[in-house]
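Here is run21.pdb, consisting of PDB, C-alpha atoms:
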```pdb
MODEL        1
ATOM      1  CA  MET A  24      74.547  85.899  69.769
ATOM      2  CA  PRO A  25      74.527  89.162  67.761
ATOM      3  CA  PHE A  26      72.187  92.026  68.518
ATOM      4  CA  VAL A  27      70.625  93.663  65.474
ATOM      5  CA  GLY A  28      69.502  97.267  65.560
ATOM      6  CA  ASP A  29      70.511 100.875  65.261
ATOM      7  CA  VAL A  30      73.554 102.220  67.072
ATOM      8  CA  ILE A  31      73.094 105.825  68.218
ATOM      9  CA  THR A  32      76.154 107.727  69.446
ATOM     10  CA  VAL A  33      76.414 110.927  71.479
ATOM     11  CA  ASP A  34      79.174 113.414  72.125
ATOM     12  CA  MET A  35      79.760 117.090  72.810
ATOM     13  CA  VAL A  36      81.035 117.640  69.260
ATOM     14  CA  PRO A  37      79.449 116.754  65.898
ATOM     15  CA  ASP A  38      82.547 115.171  64.349
ATOM     16  CA  ALA A  39      83.488 112.730  67.119
ATOM     17  CA  VAL A  40      85.000 109.682  65.432
ATOM     18  CA  GLY A  41      82.282 107.352  66.712
ATOM     19  CA  ALA A  42      79.712 109.314  64.723
ATOM     20  CA  PHE A  43      81.106 107.858  61.501
ATOM     21  CA  PHE A  44      80.404 104.291  62.603
ATOM     22  CA  ALA A  45      76.895 104.905  63.934
ATOM     23  CA  THR A  46      73.406 104.944  62.508
ATOM     24  CA  ARG A  47      72.865 108.453  63.886
ATOM     25  CA  HIS A  48      74.789 110.865  66.081
ATOM     26  CA  HIS A  49      73.510 113.478  68.543
ATOM     27  CA  LEU A  50      75.022 116.278  70.603
ATOM     28  CA  VAL A  51      74.603 116.165  74.389
ATOM     29  CA  PRO A  52      76.137 118.052  77.333
ATOM     30  CA  ALA A  53      79.314 116.759  78.981
ATOM     31  CA  GLY A  54      78.934 113.688  81.175
ATOM     32  CA  SER A  55      79.759 115.869  84.179
ATOM     33  CA  ASP A  56      77.008 118.368  83.328
ATOM     34  CA  PRO A  57      73.910 118.087  85.574
ATOM     35  CA  ALA A  58      71.799 118.179  82.397
ATOM     36  CA  TYR A  59      73.524 115.155  80.839
ATOM     37  CA  ALA A  60      71.263 112.377  82.165
ATOM     38  CA  ASP A  61      68.050 114.218  81.247
ATOM     39  CA  ALA A  62      69.383 114.910  77.755
ATOM     40  CA  VAL A  63      70.218 111.239  77.224
ATOM     41  CA  LEU A  64      66.853 110.127  78.610
ATOM     42  CA  GLU A  65      65.014 112.463  76.238
ATOM     43  CA  LEU A  66      67.107 111.128  73.363
ATOM     44  CA  CYS A  67      66.163 107.573  74.344
ATOM     45  CA  ARG A  68      62.493 108.577  74.129
ATOM     46  CA  ARG A  69      62.882 110.156  70.685
ATOM     47  CA  GLU A  70      65.030 107.383  69.231
ATOM     48  CA  ARG A  71      63.217 104.528  71.018
ATOM     49  CA  ILE A  72      66.515 103.306  72.481
ATOM     50  CA  SER A  73      66.544 100.091  74.521
ATOM     51  CA  ALA A  74      69.963 100.270  76.202
ATOM     52  CA  VAL A  75      72.566 102.901  77.061
ATOM     53  CA  LEU A  76      76.259 102.002  77.191
ATOM     54  CA  PRO A  77      78.395 104.497  79.154
ATOM     55  CA  PHE A  78      82.125 104.368  78.402
ATOM     56  CA  SER A  79      83.469 107.184  80.590
ATOM     57  CA  ASP A  80      83.622 107.768  84.332
ATOM     58  CA  GLU A  81      81.677 111.006  84.084
ATOM     59  CA  GLU A  82      78.875 109.316  82.151
ATOM     60  CA  VAL A  83      78.578 106.323  84.450
ATOM     61  CA  LEU A  84      78.498 108.521  87.565
ATOM     62  CA  SER A  85      75.615 110.522  86.121
ATOM     63  CA  LEU A  86      73.672 107.583  84.701
ATOM     64  CA  CYS A  87      73.965 105.286  87.740
ATOM     65  CA  ARG A  88      72.153 107.953  89.760
ATOM     66  CA  HIS A  89      69.259 107.936  87.298
ATOM     67  CA  LYS A  90      68.950 104.214  86.529
ATOM     68  CA  ASP A  91      65.434 104.084  87.986
ATOM     69  CA  ASP A  92      64.325 106.966  85.731
ATOM     70  CA  PHE A  93      65.634 105.115  82.691
ATOM     71  CA  ARG A  94      64.145 101.805  83.824
ATOM     72  CA  ALA A  95      60.754 103.464  84.228
ATOM     73  CA  LYS A  96      60.972 104.412  80.536
ATOM     74  CA  GLY A  97      61.969 100.888  79.500
ATOM     75  CA  VAL A  98      65.660 101.723  78.998
ATOM     76  CA  ALA A  99      68.480  99.607  80.440
ATOM     77  CA  VAL A 100      71.741 101.258  81.529
ATOM     78  CA  LEU A 101      74.819  99.016  81.431
ATOM     79  CA  CYS A 102      76.461  99.898  84.720
ATOM     80  CA  PRO A 103      76.366  98.636  88.305
ATOM     81  CA  GLN A 104      74.125 100.035  91.021
ATOM     82  CA  GLN A 105      74.804 103.573  92.300
ATOM     83  CA  GLU A 106      76.335 102.593  95.658
ATOM     84  CA  ALA A 107      78.790 100.183  94.018
ATOM     85  CA  VAL A 108      79.760 102.778  91.397
ATOM     86  CA  GLU A 109      80.394 105.516  93.942
ATOM     87  CA  ASN A 110      82.385 103.178  96.215
ATOM     88  CA  SER A 111      84.642 101.982  93.402
ATOM     89  CA  ILE A 112      85.121 104.835  90.940
ATOM     90  CA  TYR A 113      86.975 107.150  93.362
ATOM     91  CA  LYS A 114      90.381 105.589  93.978
ATOM     92  CA  ASP A 115      90.730 106.791  97.560
ATOM     93  CA  VAL A 116      87.283 105.471  98.486
ATOM     94  CA  MET A 117      87.836 102.226  96.559
ATOM     95  CA  LEU A 118      91.093 101.367  98.303
ATOM     96  CA  ALA A 119      89.749 102.226 101.764
ATOM     97  CA  PHE A 120      86.563 100.215 101.056
ATOM     98  CA  LEU A 121      88.545  97.090 100.162
ATOM     99  CA  LEU A 122      91.042  97.498 102.999
ATOM    100  CA  ALA A 123      88.219  97.734 105.534
ATOM    101  CA  ARG A 124      86.861  94.417 104.257
ATOM    102  CA  GLY A 125      90.152  92.567 104.430
ATOM    103  CA  VAL A 126      90.806  92.568 100.685
ATOM    104  CA  PRO A 127      94.521  93.120  99.933
ATOM    105  CA  THR A 128      95.436  96.509  98.466
ATOM    106  CA  PRO A 129      98.654  98.333  97.650
ATOM    107  CA  ARG A 130     100.044 100.616 100.328
ATOM    108  CA  PHE A 131      98.327 103.977  99.888
ATOM    109  CA  ALA A 132      97.764 107.313 101.560
ATOM    110  CA  VAL A 133      95.377 110.212 101.008
ATOM    111  CA  PRO A 134      97.256 113.495 101.590
ATOM    112  CA  HIS A 135      95.546 116.809 102.265
ATOM    113  CA  SER A 136      98.588 119.072 102.013
ATOM    114  CA  ARG A 137     102.042 119.218 100.475
ATOM    115  CA  GLU A 138     103.561 118.219 103.803
ATOM    116  CA  GLU A 139     101.373 115.123 104.039
ATOM    117  CA  LEU A 140     102.129 114.225 100.419
ATOM    118  CA  VAL A 141     105.893 114.500 100.913
ATOM    119  CA  GLY A 142     105.688 112.455 104.115
ATOM    120  CA  ALA A 143     103.681 109.677 102.438
ATOM    121  CA  VAL A 144     105.972 109.537  99.427
ATOM    122  CA  ARG A 145     109.027 109.152 101.648
ATOM    123  CA  ARG A 146     107.303 106.489 103.793
ATOM    124  CA  PHE A 147     106.777 104.466 100.641
ATOM    125  CA  GLY A 148     110.511 104.388  99.932
ATOM    126  CA  TYR A 149     111.308 107.462  97.866
ATOM    127  CA  PRO A 150     113.995 108.293  96.714
ATOM    128  CA  GLY A 151     115.179 104.687  96.706
ATOM    129  CA  LYS A 152     111.910 103.495  95.187
ATOM    130  CA  LYS A 153     109.437 104.869  92.683
ATOM    131  CA  VAL A 154     106.108 106.082  94.079
ATOM    132  CA  VAL A 155     102.851 106.845  92.235
ATOM    133  CA  VAL A 156     100.696 109.933  92.762
ATOM    134  CA  LYS A 157      97.368 110.135  90.969
ATOM    135  CA  PRO A 158      94.047 111.983  91.071
ATOM    136  CA  ALA A 159      91.374 110.224  93.109
ATOM    137  CA  PHE A 160      89.039 110.626  90.135
ATOM    138  CA  GLY A 161      90.312 110.153  86.601
ATOM    139  CA  ARG A 162      90.591 107.673  83.767
ATOM    140  CA  GLY A 163      92.973 106.528  81.059
ATOM    141  CA  GLY A 164      96.068 107.442  83.044
ATOM    142  CA  ARG A 165      95.168 111.137  83.155
ATOM    143  CA  GLY A 166      97.135 113.026  85.787
ATOM    144  CA  VAL A 167      99.175 110.020  86.960
ATOM    145  CA  VAL A 168     102.720 110.906  88.027
ATOM    146  CA  VAL A 169     105.441 108.348  88.723
ATOM    147  CA  LEU A 170     107.901 109.909  91.141
ATOM    148  CA  ASP A 171     111.410 108.745  90.282
ATOM    149  CA  ALA A 172     114.467 110.383  91.823
ATOM    150  CA  ARG A 173     116.500 109.317  88.765
ATOM    151  CA  SER A 174     114.093 110.930  86.347
ATOM    152  CA  GLY A 175     115.660 113.484  84.060
ATOM    153  CA  PHE A 176     112.516 114.315  82.132
ATOM    154  CA  LEU A 177     108.927 115.241  82.834
ATOM    155  CA  GLY A 178     107.056 113.404  80.139
ATOM    156  CA  GLY A 179     107.071 110.357  77.914
ATOM    157  CA  ARG A 180     104.936 107.888  76.043
ATOM    158  CA  SER A 181     104.198 105.950  79.229
ATOM    159  CA  GLY A 182     103.051 108.982  81.199
ATOM    160  CA  LEU A 183     104.475 111.712  83.365
ATOM    161  CA  GLN A 184     107.596 111.066  85.432
ATOM    162  CA  ALA A 185     109.082 113.596  87.806
ATOM    163  CA  ARG A 186     111.070 114.154  90.936
ATOM    164  CA  LEU A 187     109.266 114.764  94.206
ATOM    165  CA  GLU A 188     110.637 118.294  94.453
ATOM    166  CA  TRP A 189     109.047 119.286  91.156
ATOM    167  CA  LEU A 190     105.644 117.896  92.116
ATOM    168  CA  ALA A 191     105.643 119.411  95.610
ATOM    169  CA  GLU A 192     106.555 122.838  94.279
ATOM    170  CA  SER A 193     103.717 122.694  91.733
ATOM    171  CA  LEU A 194     101.021 122.128  94.367
ATOM    172  CA  ASP A 195      99.283 124.843  96.351
ATOM    173  CA  ASP A 196      97.943 124.028  99.832
ATOM    174  CA  ALA A 197      95.110 126.494  99.329
ATOM    175  CA  LEU A 198      93.917 124.587  96.232
ATOM    176  CA  PHE A 199      95.215 121.153  97.093
ATOM    177  CA  PRO A 200      93.694 118.531  94.770
ATOM    178  CA  ARG A 201      92.138 115.232  95.792
ATOM    179  CA  LEU A 202      95.088 112.851  95.376
ATOM    180  CA  VAL A 203      96.158 109.315  96.224
ATOM    181  CA  VAL A 204      99.752 108.295  96.950
ATOM    182  CA  MET A 205     100.382 104.646  96.151
ATOM    183  CA  GLU A 206     103.278 102.234  96.167
ATOM    184  CA  TYR A 207     104.715 101.584  92.712
ATOM    185  CA  LEU A 208     103.742  98.238  91.206
ATOM    186  CA  GLY A 209     106.146  97.362  88.422
ATOM    187  CA  GLY A 210     105.222  93.764  87.595
ATOM    188  CA  GLU A 211     102.783  92.272  85.076
ATOM    189  CA  ASP A 212      99.774  94.508  84.486
ATOM    190  CA  TYR A 213      96.227  93.160  83.997
ATOM    191  CA  SER A 214      92.947  94.704  82.889
ATOM    192  CA  VAL A 215      90.164  92.281  83.839
ATOM    193  CA  ASP A 216      86.694  92.476  82.312
ATOM    194  CA  CYS A 217      83.978  90.938  84.475
ATOM    195  CA  LEU A 218      80.264  90.389  84.143
ATOM    196  CA  CYS A 219      78.751  90.113  87.610
ATOM    197  CA  ASN A 220      75.447  89.275  89.234
ATOM    198  CA  ASP A 221      74.964  90.239  92.895
ATOM    199  CA  GLY A 222      78.718  90.107  93.517
ATOM    200  CA  LYS A 223      79.247  86.792  91.738
ATOM    201  CA  VAL A 224      81.405  86.814  88.614
ATOM    202  CA  VAL A 225      79.554  84.946  85.865
ATOM    203  CA  GLY A 226      81.992  85.812  83.073
ATOM    204  CA  ILE A 227      85.606  86.951  83.208
ATOM    205  CA  VAL A 228      88.347  87.811  80.714
ATOM    206  CA  PRO A 229      91.767  88.817  82.125
ATOM    207  CA  LYS A 230      93.885  90.778  79.630
ATOM    208  CA  LYS A 231      97.593  91.201  80.284
ATOM    209  CA  ARG A 232      98.960  94.529  79.098
ATOM    210  CA  LEU A 233     101.977  93.992  76.877
ATOM    211  CA  ARG A 234     102.267  97.641  75.933
ATOM    212  CA  ALA A 235     100.318 100.705  76.980
ATOM    213  CA  LEU A 236     100.270 104.279  75.740
ATOM    214  CA  GLY A 237      99.643 106.321  78.852
ATOM    215  CA  GLY A 238      96.725 104.407  80.363
ATOM    216  CA  PRO A 239      95.020 102.565  77.463
ATOM    217  CA  SER A 240      96.367  99.193  76.297
ATOM    218  CA  GLN A 241      97.899  99.084  72.822
ATOM    219  CA  ARG A 242      99.027  95.437  72.845
ATOM    220  CA  GLY A 243      97.688  92.757  75.102
ATOM    221  CA  ALA A 244      97.005  89.081  75.621
ATOM    222  CA  VAL A 245      94.114  87.197  77.156
ATOM    223  CA  HIS A 246      95.922  85.203  79.836
ATOM    224  CA  LEU A 247      94.128  83.028  82.411
ATOM    225  CA  ASP A 248      96.294  83.752  85.442
ATOM    226  CA  GLY A 249      94.820  81.946  88.450
ATOM    227  CA  GLN A 250      95.761  84.579  91.033
ATOM    228  CA  VAL A 251      94.313  87.341  88.855
ATOM    229  CA  LEU A 252      91.047  85.426  88.402
ATOM    230  CA  ASP A 253      90.651  84.707  92.126
ATOM    231  CA  TYR A 254      91.506  88.285  93.142
ATOM    232  CA  ALA A 255      89.032  89.785  90.654
ATOM    233  CA  ARG A 256      86.298  87.539  92.025
ATOM    234  CA  GLU A 257      87.146  88.604  95.594
ATOM    235  CA  ILE A 258      86.945  92.290  94.638
ATOM    236  CA  ALA A 259      83.651  91.894  92.772
ATOM    237  CA  GLY A 260      82.197  90.094  95.762
ATOM    238  CA  ALA A 261      83.272  92.844  98.147
ATOM    239  CA  PHE A 262      81.431  95.499  96.134
ATOM    240  CA  GLY A 263      78.462  93.284  95.261
ATOM    241  CA  PHE A 264      78.669  94.319  91.623
ATOM    242  CA  THR A 265      75.932  93.578  89.117
ATOM    243  CA  GLY A 266      76.731  94.300  85.481
ATOM    244  CA  ASN A 267      79.877  94.910  83.449
ATOM    245  CA  VAL A 268      82.951  96.140  85.329
ATOM    246  CA  ASN A 269      86.666  96.402  84.610
ATOM    247  CA  ILE A 270      89.262  95.808  87.343
ATOM    248  CA  GLN A 271      92.879  96.867  86.847
ATOM    249  CA  MET A 272      95.593  95.216  88.912
ATOM    250  CA  ARG A 273      99.316  94.694  88.823
ATOM    251  CA  TYR A 274     101.937  92.447  90.361
ATOM    252  CA  PRO A 275     104.717  94.027  92.455
ATOM    253  CA  GLU A 276     108.209  94.087  90.995
ATOM    254  CA  GLY A 277     110.425  91.093  91.634
ATOM    255  CA  PRO A 278     109.675  87.425  92.250
ATOM    256  CA  GLY A 279     106.715  86.291  94.313
ATOM    257  CA  GLY A 280     103.928  88.514  95.432
ATOM    258  CA  ALA A 281     100.298  88.696  94.397
ATOM    259  CA  PRO A 282      98.429  91.130  92.137
ATOM    260  CA  LEU A 283      97.057  94.288  93.729
ATOM    261  CA  VAL A 284      94.244  96.504  92.467
ATOM    262  CA  TYR A 285      95.029 100.082  91.480
ATOM    263  CA  GLU A 286      91.861 101.118  89.625
ATOM    264  CA  ILE A 287      88.290  99.977  89.033
ATOM    265  CA  ASN A 288      86.120 101.067  86.117
ATOM    266  CA  PRO A 289      82.495 100.252  87.068
ATOM    267  CA  ARG A 290      81.503 100.303  83.401
ATOM    268  CA  LEU A 291      82.495  98.900  80.039
ATOM    269  CA  ALA A 292      86.192  99.205  79.202
ATOM    270  CA  GLY A 293      87.633 100.365  75.895
ATOM    271  CA  THR A 294      89.034  96.906  75.097
ATOM    272  CA  ILE A 295      85.716  95.084  75.697
ATOM    273  CA  ALA A 296      85.889  94.005  72.028
ATOM    274  CA  ALA A 297      88.664  91.580  72.979
ATOM    275  CA  THR A 298      86.156  89.551  74.998
ATOM    276  CA  ALA A 299      84.215  88.824  71.815
ATOM    277  CA  ALA A 300      87.382  87.948  69.911
ATOM    278  CA  CYS A 301      88.376  85.384  72.534
ATOM    279  CA  GLY A 302      84.953  83.729  72.508
ATOM    280  CA  ALA A 303      83.398  85.172  75.690
ATOM    281  CA  ASP A 304      81.462  88.227  74.514
ATOM    282  CA  LEU A 305      80.857  90.017  77.817
ATOM    283  CA  LEU A 306      79.210  92.995  76.107
ATOM    284  CA  ALA A 307      76.567  90.806  74.465
ATOM    285  CA  HIS A 308      75.988  88.862  77.683
ATOM    286  CA  GLY A 309      75.876  92.128  79.642
ATOM    287  CA  LEU A 310      73.200  93.422  77.280
ATOM    288  CA  ARG A 311      71.161  90.271  77.807
ATOM    289  CA  GLN A 312      71.427  90.721  81.560
ATOM    290  CA  ALA A 313      70.518  94.424  81.490
ATOM    291  CA  LEU A 314      67.548  93.813  79.182
ATOM    292  CA  GLY A 315      66.175  91.083  81.466
ATOM    293  CA  MET A 316      66.713  88.297  78.935
ATOM    294  CA  ALA A 317      67.425  84.730  79.986
ATOM    295  CA  PRO A 318      71.153  84.216  80.595
ATOM    296  CA  GLU A 319      73.154  81.981  78.272
ATOM    297  CA  PRO A 320      76.293  80.017  79.182
ATOM    298  CA  ILE A 321      79.441  82.113  78.764
ATOM    299  CA  PRO A 322      82.249  80.082  77.161
ATOM    300  CA  ALA A 323      85.691  80.058  78.744
ATOM    301  CA  PRO A 324      87.871  82.597  76.924
ATOM    302  CA  ARG A 325      90.592  81.487  74.548
ATOM    303  CA  GLU A 326      94.088  82.776  75.196
ATOM    304  CA  ILE A 327      94.748  85.186  72.329
ATOM    305  CA  ARG A 328      96.889  88.238  71.644
ATOM    306  CA  PHE A 329      95.623  91.536  70.292
ATOM    307  CA  MET A 330      96.856  94.947  69.232
ATOM    308  CA  ARG A 331      95.089  98.232  68.690
ATOM    309  CA  HIS A 332      95.930 100.491  65.776
ATOM    310  CA  PHE A 333      94.801 103.859  64.522
ATOM    311  CA  ASN A 334      92.917 104.430  61.302
ATOM    312  CA  GLU A 335      92.005 107.694  59.622
ATOM    313  CA  VAL A 336      88.442 108.770  58.914
ATOM    314  CA  TYR A 337      87.941 111.030  55.882
ATOM    315  CA  TYR A 338      84.777 113.098  55.531
TER     316      TYR A 338
ENDMDL
END
```
Conversion result in structure tokens:
Amino acid sequence: MPFVGDVITVDMVPDAVGAFFATRHHLVPAGSDPAYADAVLELCRRERISAVLPFSDEEVLSLCRHKDDFRAKGVAVLCPQQEAVENSIYKDVMLAFLLARGVPTPRFAVPHSREELVGAVRRFGYPGKKVVVKPAFGRGGRGVVVLDARSGFLGGRSGLQARLEWLAESLDDALFPRLVVMEYLGGEDYSVDCLCNDGKVVGIVPKKRLRALGGPSQRGAVHLDGQVLDYAREIAGAFGFTGNVNIQMRYPEGPGGAPLVYEINPRLAGTIAATAACGADLLAHGLRQALGMAPEPIPAPREIRFMRHFNEVYY
């Protein structure tokens, strides 16, 4: 079910790597810039673009608020409705939203000062247990700190690790950031791609992370874990998603237990290509849905393994 046509990329810089794999490349403001959506809409008019695929949180937040403007110009935007995006993209709002609807979540707290942060971290078992502190808004593992009393270093390939004392001393109550404190989940990690329609999952590919570099997966496996599948469906139903979404969840450490969500990307994920490789191309089916085409049956995914690797571009 291939789609044939031009691929137009955008970025803030002219030599973004995606430009070398596209038909044409254009410069636009940052996704967080108020002018971003208008710039993309004007580009769609000039290039006669049929669909826009946002791949970052900043882009999807801007575009979901202007979906009607794009639709009026005959352009589909591959992201859920605005309310669902705004309820799921901020981690503090997402966790509270699910908890209020009886959907299991990790233990979490939203501190507003250093004192509240220290209190929450200790309630969650520190120093005997690891505890996670992360920005309420962020992607790809940016800003995530694993508090570990045994930590002797501040950085590594898997992200930032630190002692509570170091983190508390680095924060200023007068400029306290929007943070979430969360229990540490150290079991199997899953990134689940879903295609949804009015809260019903019509296509799903759960990918187990075998190795990650910071946030993004570097090695993974499509693995049809029953608890992961059921939990992803419950979450999608709670938000009433329509479109492509990515749900990240992890099992607690030790035997037993069920997976718990720690992040939702209400957009396409970077490893969406794996859904095509395993036989259930959720990007192609998402395009059909967004363009108002008749749906086609989505095959059950094959269990495969994959790895990502870097390649140079010379120009």
Separation of atom CA of A:Lys157 from atom CA of A:Arg137 in Å: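 Pair atom CA of A:Arg137 / atom CA of A:Lys157 returns 14.0 Å.
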The PyMOL selection byres ((chain A and resi 301) around 10) resolved against shown file, as an mmCIF file with C-alpha atoms, in the frame of the given file:
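Just written: out.cif:
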```
data_model
loop_
_atom_site.group_PDB
_atom_site.id
_atom_site.type_symbol
_atom_site.label_atom_id
_atom_site.label_comp_id
_atom_site.auth_asym_id
_atom_site.auth_seq_id
_atom_site.Cartn_x
_atom_site.Cartn_y
_atom_site.Cartn_z
ATOM 1 C CA VAL A 228 88.347 87.811 80.714
ATOM 2 C CA ALA A 244 97.005 89.081 75.621
ATOM 3 C CA VAL A 245 94.114 87.197 77.156
ATOM 4 C CA ALA A 296 85.889 94.005 72.028
ATOM 5 C CA ALA A 297 88.664 91.580 72.979
ATOM 6 C CA THR A 298 86.156 89.551 74.998
ATOM 7 C CA ALA A 299 84.215 88.824 71.815
ATOM 8 C CA ALA A 300 87.382 87.948 69.911
ATOM 9 C CA GLY A 302 84.953 83.729 72.508
ATOM 10 C CA ALA A 303 83.398 85.172 75.690
ATOM 11 C CA ASP A 304 81.462 88.227 74.514
ATOM 12 C CA PRO A 322 82.249 80.082 77.161
ATOM 13 C CA ALA A 323 85.691 80.058 78.744
ATOM 14 C CA PRO A 324 87.871 82.597 76.924
ATOM 15 C CA ARG A 325 90.592 81.487 74.548
ATOM 16 C CA GLU A 326 94.088 82.776 75.196
ATOM 17 C CA ILE A 327 94.748 85.186 72.329
ATOM 18 C CA ARG A 328 96.889 88.238 71.644
ATOM 19 C CA PHE A 329 95.623 91.536 70.292
#
```
Ground truth for the PyMOL selection byres ((chain A and resi 78) around 8), written as a PyMOL selection string: chain A and resi 76-77+79-80+82-83+290-293
With only C-alpha atoms as the basis for distance, which of A:Val36, A:Leu252, A:Met330, A:Ala58 is at the shortest distance from A:Pro282? A:Leu252
Using the file's own x, y and z axes, so that the box edges lie along x, y and z, what centre and edge lengths in Å (one decimal) does a box around every listed atom of stretch 78-88 of chain A get when 6 Å is added on each side? Give it as AutoDock Vina command-line options.
```
--center_x 77.9 --center_y 107.7 --center_z 84.1 --size_x 23.5 --size_y 18.6 --size_z 23.4
```
What separates atom CA of A:Asn269 and atom CA of A:Cys219 is a distance of 10.5 Å
Residues matched by the PyMOL selection byres ((chain A and resi 268) around 9) as a PyMOL selection string: chain A and resi 102-103+215-219+259+264-267+269-270+287-292
Quick one: of A:Gly166, A:Gly41, A:Gly28, A:Pro275, who's nearest to A:Ser73, counting only C-alpha atoms?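 So, comparing all the options, the nearest one is A:Gly28.
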